[in-house]
Amino acid sequence: MDSGAIRRRIALAAAALAASGVLGLTATGTAQAGTAGSCGGREVRTLPFRTGVTHVYKRDGYVCAITVAKRPGAARAMAVSVQARGNRPVVDEGRYRHHAGPVTVHAGHRCVWVRGSVGGSTVSSGWILC
């Protein structure tokens with residue numbers, strides 16, 4: 001086999017491998033974003049406020065949160081964030097119809113601060129899960 005044929009086979013194999021990785025990432029992200037209950041683990045806190053509720057879940061050192069509107073419908077400003085003590089917050093904010101998030105951080109055994117908002121109403125947990 002000449003060197004040109006070997007290079008073509010290596011290039012073809014690399015392209016196939018790259019394409020399968022991209023498809024795998026796309027499928028995973030789509031499946032996660034599709035439902036309001038996509039945080040794994042057990043629910044450890046429920047933070048209700050006037051226009052919504054923020055659910056907090058924990059599993060294997062990871063903390064996940066999602067904010068759900070009480071009245072889904074027209075797109076409006078929503079946000080959810082989780083901050084492990086000593087780190088910057090991980091935030092999802094935008095104009096959504098039903099929910100913001102999920103957002104996940106690795107907290108280990110550190111405290112976390114969770115915030116959520118729908119429209120003009122907000123909730124803030126303070127340091128929890130210490």
# chains A, B, ... in the order shown; residues from 1 in each chain; ligands from 1
>>> residues_around(residues="Val80 in chain A", least_positions_apart="2", cutoff="9 Å", atoms="only C-alpha atoms", output="MDAnalysis selection string")
chainID A and resid 54 65:67 78 82 90:93 100:103 114:117
>>> closest_residue(among="A:Val118, A:Gly86, A:Pro48, A:Val105", to="Ala74 in chain A", atoms="only C-alpha atoms")
A:Val118
>>> atom_distance(atom1="CA of Val53 in chain A", atom2="CA of Cys111 in chain A")
20.4 Å
>>> residues_around(residues="Ala69 in chain A", least_positions_apart="5", cutoff="8 Å", atoms="only C-alpha atoms", output="ChimeraX atom specification")
/A:51-53,97-99,118
>>> write_last_selection(atoms="all heavy atoms", output="compact mmCIF listing (two decimals), in the first residue's frame")
# COMPACT_ATOMS: atom_id res chain seq x y z
N THR A 51 -43.46 34.19 41.75
CA THR A 51 -43.75 33.82 40.37
C THR A 51 -43.16 32.49 39.94
O THR A 51 -43.26 32.12 38.77
CB THR A 51 -43.23 34.92 39.41
OG1 THR A 51 -41.83 35.10 39.66
CG2 THR A 51 -43.98 36.22 39.62
N GLY A 52 -42.52 31.76 40.86
CA GLY A 52 -41.92 30.48 40.47
C GLY A 52 -41.37 29.72 41.65
O GLY A 52 -41.65 30.05 42.82
N VAL A 53 -40.60 28.70 41.34
CA VAL A 53 -39.97 27.88 42.36
C VAL A 53 -38.62 27.39 41.82
O VAL A 53 -38.51 27.07 40.64
CB VAL A 53 -40.87 26.70 42.78
CG1 VAL A 53 -41.15 25.76 41.62
CG2 VAL A 53 -40.29 25.93 43.95
N ARG A 97 -40.03 30.29 28.32
CA ARG A 97 -41.47 30.12 28.53
C ARG A 97 -41.78 29.33 29.80
O ARG A 97 -42.76 29.60 30.47
CB ARG A 97 -42.09 29.38 27.35
CG ARG A 97 -42.04 30.15 26.07
CD ARG A 97 -42.61 29.31 24.92
NE ARG A 97 -42.52 30.00 23.66
CZ ARG A 97 -43.40 30.88 23.23
NH1 ARG A 97 -44.45 31.18 23.97
NH2 ARG A 97 -43.23 31.47 22.08
N HIS A 98 -40.96 28.34 30.13
CA HIS A 98 -41.28 27.42 31.22
C HIS A 98 -40.25 27.40 32.34
O HIS A 98 -40.59 27.52 33.50
CB HIS A 98 -41.48 26.00 30.66
CG HIS A 98 -41.88 25.01 31.69
ND1 HIS A 98 -40.97 24.19 32.29
CD2 HIS A 98 -43.07 24.73 32.25
CE1 HIS A 98 -41.59 23.43 33.18
NE2 HIS A 98 -42.87 23.74 33.16
N HIS A 99 -38.97 27.21 31.98
CA HIS A 99 -37.96 27.07 33.03
C HIS A 99 -36.58 27.56 32.58
O HIS A 99 -36.31 27.62 31.39
CB HIS A 99 -37.85 25.62 33.49
CG HIS A 99 -37.27 24.69 32.47
ND1 HIS A 99 -38.03 24.14 31.45
CD2 HIS A 99 -36.01 24.23 32.29
CE1 HIS A 99 -37.25 23.37 30.71
NE2 HIS A 99 -36.01 23.42 31.19
N VAL A 118 -37.96 34.73 38.16
CA VAL A 118 -38.91 34.70 37.06
C VAL A 118 -39.57 36.07 37.05
O VAL A 118 -40.16 36.50 38.05
CB VAL A 118 -39.99 33.60 37.24
CG1 VAL A 118 -41.03 33.69 36.13
CG2 VAL A 118 -39.37 32.23 37.29
>>> atom_distance(atom1="CA of His106 in chain A", atom2="CA of Gly61 in chain A")
5.9 Å
>>> atom_distance(atom1="CA of His109 in chain A", atom2="CA of Val44 in chain A")
14.3 Å
